Every structure is written in C-alpha cells, then in structure tokens.
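Structure first, commentary second.
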Amino acid sequence: MTSTMPDLPQAPGLAAVVERVSAARMLAAVHELARGRYAGRRVGTPGGRAAAAWLAEQLRELGAEVELDSFPVTDVRELYATPVLEWSAGGQALRLEHRRDFVEHLATADSPDPRTAPLAAASEADLRGRWVLAEAGDWARACERAEAHGAAGVLTARGTDAEGWMPKMIAGPATRAVPIIALRTDLHARLADALAAGPVRVTASMPLRQISTDGRNVHARFPHAGGAGSGPRVLLAAHYVGVGDDPGMRFPAAADNASGVAAVLEAARVLTADPATRADLSVAFLDAEETGAWGSAHHAAALPSDTLVINLDGAAQLHQAASVEAGGPAHTLLATLDQAARLTGVPLRAGTMASDNRRYAAVGLAAIGIGVGMPGYQTPAETPDRVEADTLVAAARLLVASVGLLAVQTSV
C-alpha cells in the first residue's frame with residue numbers, strides 16, 4: 001500500500017501527486033476530532049458546532065470558499081442521565097452496567113425515575129404495574145400488551161459487538177407509550193430462568209428523550225482548483241457528526257467518521273495544490289448522518305445535476321477490501337473508481353454503504369459510497385489509536401487518483 005506507483009500514460013504526473021498524501025496530517029486530524037472538547041460531535045451540540053468550526057477553518061487555510069449551512073433536525077434521541085437496571089430474585093440482587101449489560105431501546109418512552117415492580121412473562125394475563133419480559137425478537141407485541149394493560153415497561157434482548165459493547169444509536173422507530181430496555185442476550189435468558197424459578201423484582205429507569213435541533217453542514221469550494229467548464233464537477237463528502245458522549249462516558253468517534261473526514265481533507269489538500277488534478281472540486285463535511293442523513297438530504301437538492309459525488313464513511317481499518325456502493329447514473333464514476341483502485345493498489349468489493357451517498361443518488365446524482373472499516377463502531381472503544389495510518393493513506397490516495405483520472409478523462 002505504500003509502494004511508489006509507476007507514472008501512467010493516461011494520467012501523466014498523477015502517480016507523483018498521489019504519493020503526496022500525509023499519514024501524519026491525517027492522524028493529527030483524527031486525534032483532534034476525537035478530543036474531549038467535541039464531546040462525541042453529536043448533531044446540535046456545542047461539541048458538534050465546535051467540530052464544524054474547526055473543519056471550516058482547515059478548509060479556509062486551503063484557500064476554499066466556505067459556507068456553514070444550518071438546517072432543522074427532529075427526533076434526535078438524547079440520553080440525559082445514566083439509566084439504571086437491576087433485578088433481585090431468591091434473595092440475591094444484580095445491578096447491571098449500561099452499554100455492557102443493557103442499553104436503551106430507541107422506541108422507549110422517557111422514564112427518568114427508577115421504578116421497582118414485579119417481573120412478568122409477556123404471555124401472562126396480569127401485566128398491570130409489572131415489568132414485562134418480552135420473548136426474544138418479539139418486543140413489539142410485548143409493547144402492545146404492556147401498553148394495553150398498564151405495565152411498568154418492557155425488557156427485550158439485544159446482542160453485543162465482538163468486544164462486548166452494545167453500540168449507541170440516536171435515531172430509531174416511533175416512540176412507544178412504555179419504557180423499553182434492551183438486555184444483553186445472555187442476561188435476558190438468565191432473567192427468564194430466574195423468573196421461571198420464582199418471583200423477580202426489577203428496578204429500572206430510561207432517561208431518553210427526543211429533541212429537535214439544528215444541524216450544520218460545512219461546504220467548501222476551491223476556485224483555484226478549476227473554474228466552470230475547466231474540469232469535472234466533483235464533490236468529496238464525509239460526515240463529521242458522531243452519536244455524542246453519554247453522561248460520564250466518552251465516545252471519541254475516531255473511526256466513524258473522523259477517519260473519513262481526515263482522508264477527505266487530506267485529498268482536498270493534495271488535489272488543490274497541483275494543476276495535474278485540475279477539477280471543479282467541492283468538499284462537504286456533513287452533519288446529522290447518524291439521525292437519518294439529514295445533512296446530505298438538505299444539501300443534495302441544491303447541487304447541479306452533473307455533480308459527481310464520492311462519499312467516504314470510515315477509513316480506519318482496511319481488511320480484504322474497501323466496500324463500494326454506487327447509485328444514480330454512476331457507471332462512468334464507478335469505472336473511474338475501479339481504475340483508481342488498480343492504480344493505487346486498493347482492493348474494492350461491492351457492498352452495502354447506507355450513508356450519505358444514498359441521499360445524493362436519490363435526487364439523481366452519480367454517487368458512490370466507500371467504506372474502509374470502523375473498529376469499535378459507536379462505542380467507547382472507537383479510539384484514535386485504532387485508526388490505521390496505512391488505511392488512511394490508502395483511502396486518501398484512492399480519492400486523489402479518482403479525481404485526477406476524472407479530470408484527465410474530461411480534458412481529452
């Protein structure tokens with residue numbers, strides 16, 4: 001991944017340009033965005049706005065014309081206190097750890113005060129005032145019965161990642177009328193066994209509310225990279241937003257998506273410094289991706305129809321290949337990306353990329369989403385030390401080569 005590429009007849013000088021990406025600069029950007037002052041970069045928070053301001057300044061230093069574009073966002077889940085879950089049975093009590101043993105279900109009603117009540121199986125006739133243990137995979141029907149009978153709330157099952165974390169999300173299904181708590185699968189089974197053996201009492205709270213706020217996209221245009229008609233109109237995009245810190249728990253969001261932002265920023269730096277990669281280049285650092293890609297939805301409709309979009313979501317850990325999803329009239333763009341991958345030695349595979357690229361494709365733009373690995377995804381373990389320098393270099397080189405090849409193809 002770090003070997004020098006030969007100069008290519010179809011793109012004179014491009015090989016040397018691609019070699020100019022700096023792992024050190026990208027790692028510094030990742031470490032900056034993962035700092036505590038940004039508090040996980042959730043949409044609408046002071047930390048998120050501070051990250052947008054920092055990125056705007058980086059782009060201005062590259063000579064870009066920068067705009068901070070605000071837009072409304074609704075239905076953001078906000079955990080405003082640490083939830084509680086414990087149970088007692090047979091004279092023994094067990095207090096559970098949030099995000100390791102249990103987590104908020106995104107359809108939960110806000111329930112800030114701990115409530116103690118007996119536990120009942122979802123099939124029991126009398127559920128009034130009791131916590132209801134849903135059968136695995138059947139939380140919706142358990143909620144219907146709990147709501148109809150005035151139950152205290154519902155406990156359901158959810159798995160963990162490979163490291164034993166229950167990743168955080170901040171957007172989900174419509175809120176139900178009762179609190180819903182997701183219990184680690186093995187603990188859910190253990191609780192069912194305890195209930196089968198005798199009475200169980202549960203104490204739980206779930207302080208999760210829905211809020212409306214404002215998102216803030218960072219848009220940059222590089223006039224020195226080419227004027228109208230001087231090259232292809234290319235947008236490099238990455239979302240800078242994260243899911244935000246929990247009360248008392250850091251979510252650095254280094255892989256998702258400080259790594260992608262760092263690679264896009266470095267690609268823009270290299271591309272705008274060399275006439276060999278002349279293009280009508282723009283960059284979008286997007287907000288509110290974690291709440292349904294509101295930022296790209298807001299941006300996409302304002303773009304010219306000939307804009308070519310490359311969105312990078314994750315550039316932290318390259319295993320066998322980078323995942324690629326194409327949408328809209330992206331045949332030429334996809335062929336160029338494939339050529340760039342062969343030039344840079346970055347392996348690609350078709351994959352699902354449910355990110356901002358889909359919002360651009362939905363309005364008819366040629367759009368490609370690229371994902372290059374996110375270790376620790378949306379957990380406290382998503383730290384800067386897990387972002388691999390070689391992967392950042394590979395992602396940035398792929399972007400530089402793609403834009404350079406598009407420029408060459410347009411000029412011939």
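Ordering of the structure tokens sets the chain letters (A, B, ...), residue numbers begin anew at 1 in every chain, and ligands are numbered from 1 in the order given.
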Can you build me a table of range 262-314 of chain A residues sitting at most 8 Å from range 348-369 of chain A, with the closest atom pair per residue and its distance in Å to one decimal, using only C-alpha atoms, sorted by chain and residue number, as JSON lines?
{"residue": "A:Glu289", "atom": "CA", "partner": "A:Asp356", "partner_atom": "CA", "distance": 6.7}
{"residue": "A:Ala293", "atom": "CA", "partner": "A:Asp356", "partner_atom": "CA", "distance": 5.6}
{"residue": "A:Ser296", "atom": "CA", "partner": "A:Asp356", "partner_atom": "CA", "distance": 5.6}
{"residue": "A:Ala297", "atom": "CA", "partner": "A:Arg359", "partner_atom": "CA", "distance": 5.3}
{"residue": "A:Ala300", "atom": "CA", "partner": "A:Tyr360", "partner_atom": "CA", "distance": 5.2}
{"residue": "A:Ala301", "atom": "CA", "partner": "A:Val363", "partner_atom": "CA", "distance": 6.5}
{"residue": "A:Ser305", "atom": "CA", "partner": "A:Leu365", "partner_atom": "CA", "distance": 6.1}
{"residue": "A:Asp306", "atom": "CA", "partner": "A:Leu365", "partner_atom": "CA", "distance": 7.0}
{"residue": "A:Thr307", "atom": "CA", "partner": "A:Leu365", "partner_atom": "CA", "distance": 6.4}
{"residue": "A:Leu308", "atom": "CA", "partner": "A:Ala366", "partner_atom": "CA", "distance": 5.3}
{"residue": "A:Val309", "atom": "CA", "partner": "A:Ala367", "partner_atom": "CA", "distance": 4.5}
{"residue": "A:Ile310", "atom": "CA", "partner": "A:Ile368", "partner_atom": "CA", "distance": 5.0}
{"residue": "A:Asn311", "atom": "CA", "partner": "A:Gly369", "partner_atom": "CA", "distance": 4.8}
{"residue": "A:Leu312", "atom": "CA", "partner": "A:Gly369", "partner_atom": "CA", "distance": 6.0}
{"residue": "A:Asp313", "atom": "CA", "partner": "A:Ser355", "partner_atom": "CA", "distance": 7.1}
Write a file of the just-selected residues containing C-alpha atoms, as a compact mmCIF listing (two decimals), in the first residue's frame.
# COMPACT_ATOMS: atom_id res chain seq x y z
CA GLU A 289 -25.84 11.46 9.25
CA ALA A 293 -28.62 11.54 6.80
CA SER A 296 -26.89 15.23 2.82
CA ALA A 297 -30.64 15.29 2.16
CA ALA A 300 -28.31 17.16 -2.35
CA ALA A 301 -31.22 19.05 -3.88
CA SER A 305 -27.20 17.70 -11.96
CA ASP A 306 -23.73 16.92 -13.35
CA THR A 307 -22.09 16.72 -9.92
CA LEU A 308 -20.12 13.53 -9.29
CA VAL A 309 -20.24 12.54 -5.62
CA ILE A 310 -17.78 10.36 -3.72
CA ASN A 311 -18.71 9.86 -0.07
CA LEU A 312 -16.28 8.28 2.40
CA ASP A 313 -17.73 6.74 5.56
Once DSSP has gone over the backbone, tell me which residues of range 90-212 of chain A are in alpha helix (DSSP H), as a PDB file with N, CA and C atoms, in the first residue's frame.
ATOM      1  N   TRP A 139     -40.428  -7.865  20.710  1.00  0.00           N
ATOM      2  CA  TRP A 139     -40.610  -6.714  21.575  1.00  0.00           C
ATOM      3  C   TRP A 139     -41.861  -5.916  21.214  1.00  0.00           C
ATOM      4  N   ALA A 140     -42.215  -5.849  19.923  1.00  0.00           N
ATOM      5  CA  ALA A 140     -43.351  -5.015  19.511  1.00  0.00           C
ATOM      6  C   ALA A 140     -44.658  -5.559  20.085  1.00  0.00           C
ATOM      7  N   ARG A 141     -44.847  -6.869  20.016  1.00  0.00           N
ATOM      8  CA  ARG A 141     -46.086  -7.431  20.556  1.00  0.00           C
ATOM      9  C   ARG A 141     -46.110  -7.310  22.084  1.00  0.00           C
ATOM     10  N   ALA A 142     -44.953  -7.469  22.717  1.00  0.00           N
ATOM     11  CA  ALA A 142     -44.895  -7.275  24.164  1.00  0.00           C
ATOM     12  C   ALA A 142     -45.263  -5.843  24.538  1.00  0.00           C
ATOM     13  N   CYS A 143     -44.833  -4.877  23.723  1.00  0.00           N
ATOM     14  CA  CYS A 143     -45.189  -3.477  23.976  1.00  0.00           C
ATOM     15  C   CYS A 143     -46.692  -3.260  23.844  1.00  0.00           C
ATOM     16  N   GLU A 144     -47.289  -3.859  22.852  1.00  0.00           N
ATOM     17  CA  GLU A 144     -48.735  -3.700  22.661  1.00  0.00           C
ATOM     18  C   GLU A 144     -49.494  -4.186  23.891  1.00  0.00           C
ATOM     19  N   ARG A 145     -49.109  -5.339  24.415  1.00  0.00           N
ATOM     20  CA  ARG A 145     -49.777  -5.870  25.601  1.00  0.00           C
ATOM     21  C   ARG A 145     -49.455  -5.020  26.839  1.00  0.00           C
ATOM     22  N   ALA A 146     -48.210  -4.578  26.944  1.00  0.00           N
ATOM     23  CA  ALA A 146     -47.827  -3.755  28.086  1.00  0.00           C
ATOM     24  C   ALA A 146     -48.604  -2.440  28.097  1.00  0.00           C
ATOM     25  N   GLU A 147     -48.745  -1.812  26.935  1.00  0.00           N
ATOM     26  CA  GLU A 147     -49.484  -0.563  26.830  1.00  0.00           C
ATOM     27  C   GLU A 147     -50.964  -0.763  27.145  1.00  0.00           C
ATOM     28  N   ALA A 148     -51.515  -1.853  26.631  1.00  0.00           N
ATOM     29  CA  ALA A 148     -52.942  -2.112  26.834  1.00  0.00           C
ATOM     30  C   ALA A 148     -53.282  -2.416  28.291  1.00  0.00           C
ATOM     31  N   HIS A 149     -52.322  -2.986  29.035  1.00  0.00           N
ATOM     32  CA  HIS A 149     -52.600  -3.434  30.405  1.00  0.00           C
ATOM     33  C   HIS A 149     -51.946  -2.558  31.477  1.00  0.00           C
ATOM     34  N   THR A 185     -28.251 -10.457  25.434  1.00  0.00           N
ATOM     35  CA  THR A 185     -28.968 -11.694  25.133  1.00  0.00           C
ATOM     36  C   THR A 185     -28.801 -12.751  26.214  1.00  0.00           C
ATOM     37  N   ASP A 186     -27.577 -12.962  26.674  1.00  0.00           N
ATOM     38  CA  ASP A 186     -27.376 -13.991  27.684  1.00  0.00           C
ATOM     39  C   ASP A 186     -28.009 -13.606  29.022  1.00  0.00           C
ATOM     40  N   LEU A 187     -28.010 -12.313  29.338  1.00  0.00           N
ATOM     41  CA  LEU A 187     -28.649 -11.876  30.582  1.00  0.00           C
ATOM     42  C   LEU A 187     -30.173 -11.945  30.474  1.00  0.00           C
ATOM     43  N   HIS A 188     -30.694 -11.712  29.287  1.00  0.00           N
ATOM     44  CA  HIS A 188     -32.131 -11.871  29.062  1.00  0.00           C
ATOM     45  C   HIS A 188     -32.543 -13.324  29.323  1.00  0.00           C
ATOM     46  N   ALA A 189     -31.734 -14.263  28.823  1.00  0.00           N
ATOM     47  CA  ALA A 189     -32.025 -15.686  29.058  1.00  0.00           C
ATOM     48  C   ALA A 189     -31.892 -16.027  30.548  1.00  0.00           C
ATOM     49  N   ARG A 190     -30.915 -15.442  31.194  1.00  0.00           N
ATOM     50  CA  ARG A 190     -30.730 -15.684  32.629  1.00  0.00           C
ATOM     51  C   ARG A 190     -31.911 -15.135  33.433  1.00  0.00           C
ATOM     52  N   LEU A 191     -32.418 -13.986  33.026  1.00  0.00           N
ATOM     53  CA  LEU A 191     -33.571 -13.404  33.708  1.00  0.00           C
ATOM     54  C   LEU A 191     -34.812 -14.267  33.508  1.00  0.00           C
ATOM     55  N   ALA A 192     -34.956 -14.818  32.307  1.00  0.00           N
ATOM     56  CA  ALA A 192     -36.080 -15.721  32.055  1.00  0.00           C
ATOM     57  C   ALA A 192     -35.995 -16.959  32.945  1.00  0.00           C
ATOM     58  N   ASP A 193     -34.787 -17.488  33.134  1.00  0.00           N
ATOM     59  CA  ASP A 193     -34.617 -18.643  34.022  1.00  0.00           C
ATOM     60  C   ASP A 193     -34.968 -18.282  35.467  1.00  0.00           C
ATOM     61  N   ALA A 194     -34.547 -17.092  35.888  1.00  0.00           N
ATOM     62  CA  ALA A 194     -34.856 -16.660  37.251  1.00  0.00           C
ATOM     63  C   ALA A 194     -36.358 -16.523  37.447  1.00  0.00           C
ATOM     64  N   LEU A 195     -37.046 -16.003  36.435  1.00  0.00           N
ATOM     65  CA  LEU A 195     -38.498 -15.841  36.532  1.00  0.00           C
ATOM     66  C   LEU A 195     -39.196 -17.200  36.577  1.00  0.00           C
ATOM     67  N   ALA A 196     -38.685 -18.158  35.822  1.00  0.00           N
ATOM     68  CA  ALA A 196     -39.283 -19.497  35.841  1.00  0.00           C
ATOM     69  C   ALA A 196     -39.106 -20.164  37.201  1.00  0.00           C
ATOM     70  N   ALA A 197     -38.072 -19.767  37.943  1.00  0.00           N
ATOM     71  CA  ALA A 197     -37.789 -20.390  39.234  1.00  0.00           C
ATOM     72  C   ALA A 197     -38.529 -19.740  40.395  1.00  0.00           C
TER      73      ALA A 197
END
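Using only C-alpha atoms, the protein and nucleic acid residues lying no more than 7 Å from Arg201 in chain A, apart from those fewer than 6 places from it along its own chain, are Trp87, Ser88, Ala89, Thr116, Ala117, Pro118 and Leu119 of chain A.
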Near Leu392 in chain A, counting only C-alpha atoms, which residues have an atom at most 8 Å away, once you skip same-chain residues fewer than 3 positions from it, shown as a list in words?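 My reading of the contact set: Ala23, Met26, Ser259, Gly260, Ala262, Ala263, Ala315, Ala316, Val387, Glu388, Ala389, Ala395 and Ala396 of chain A.
CA of Pro112 in chain A is found 20.9 Å from CA of Arg184 in chain A.
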Would you list the contacts of range 62-66 of chain A as a list in words, taking every protein, DNA or RNA residue within 8 Å and counting only C-alpha atoms, but skipping same-chain residues closer than 6 positions in sequence?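 Result of the neighbour search: Ala56, Val218, His219, Ala220, Arg221, Phe222, Pro223, His224, Arg269 and Thr272 of chain A.
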Which one is closest to Arg216 in chain A: A:Pro46, A:Pro380, A:Pro232, A:Gly36? Count only C-alpha atoms.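 The shortest atom-to-atom distance to Arg216 in chain A comes from A:Pro46.
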For the atom pair CA of Pro275 in chain A and CA of Gly231 in chain A, what is the interatomic distance in Å to one decimal place?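 Computing the Euclidean distance for CA of Pro275 in chain A and CA of Gly231 in chain A yields 11.0 Å.
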Could you give me, as a PyMOL selection string, the residues within 8 Å of range 249-253 of chain A, counting only C-alpha atoms and dropping anything in the same chain fewer than 2 positions from it? chain A and resi 33-36+39-41+242-247+255-258+377-384
One decimal, Å: what's the distance from CA of Glu135 in chain A over to CA of Thr156 in chain A, could you say?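 For CA of Glu135 in chain A relative to CA of Thr156 in chain A, the distance reads 7.0 Å.
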Per-residue DSSP, range 16-90 of chain A, filtered to strand (DSSP E or B), as a PyMOL selection string: chain A and resi 42+65-79+84-89
Excluding same-chain residues fewer than 6 positions from Asp110 in chain A, what lies within 9 Å of it counting only C-alpha atoms, as an NGL selection string? :A and (175 or 177-179 or 205-210)
Which is closer to Gly371 in chain A than all the others in A:Ala24, A:Val283, A:Ala125, A:Ala238, using only C-alpha atoms? A:Ala238
For range 275-383 of chain A versus range 70-73 of chain A, which residues have an atom no more than 12 Å away, and what is each residue's nearest atom pair and distance in Å rounded to one decimal, using only C-alpha atoms, chain-then-number order, as JSON lines?
{"residue": "A:Leu286", "atom": "CA", "partner": "A:Ser70", "partner_atom": "CA", "distance": 10.6}
{"residue": "A:Asp287", "atom": "CA", "partner": "A:Ser70", "partner_atom": "CA", "distance": 9.3}
{"residue": "A:Ala288", "atom": "CA", "partner": "A:Val73", "partner_atom": "CA", "distance": 7.5}
{"residue": "A:Glu289", "atom": "CA", "partner": "A:Val73", "partner_atom": "CA", "distance": 10.6}
{"residue": "A:Glu290", "atom": "CA", "partner": "A:Val73", "partner_atom": "CA", "distance": 11.1}
{"residue": "A:Thr291", "atom": "CA", "partner": "A:Val73", "partner_atom": "CA", "distance": 8.2}
{"residue": "A:Gly292", "atom": "CA", "partner": "A:Val73", "partner_atom": "CA", "distance": 9.5}
{"residue": "A:Ala293", "atom": "CA", "partner": "A:Val73", "partner_atom": "CA", "distance": 10.0}
{"residue": "A:Trp294", "atom": "CA", "partner": "A:Val73", "partner_atom": "CA", "distance": 6.9}
{"residue": "A:Gly295", "atom": "CA", "partner": "A:Phe71", "partner_atom": "CA", "distance": 7.7}
{"residue": "A:Ser296", "atom": "CA", "partner": "A:Phe71", "partner_atom": "CA", "distance": 10.7}
{"residue": "A:Ala297", "atom": "CA", "partner": "A:Phe71", "partner_atom": "CA", "distance": 10.2}
{"residue": "A:His298", "atom": "CA", "partner": "A:Phe71", "partner_atom": "CA", "distance": 7.3}
{"residue": "A:His299", "atom": "CA", "partner": "A:Phe71", "partner_atom": "CA", "distance": 9.6}
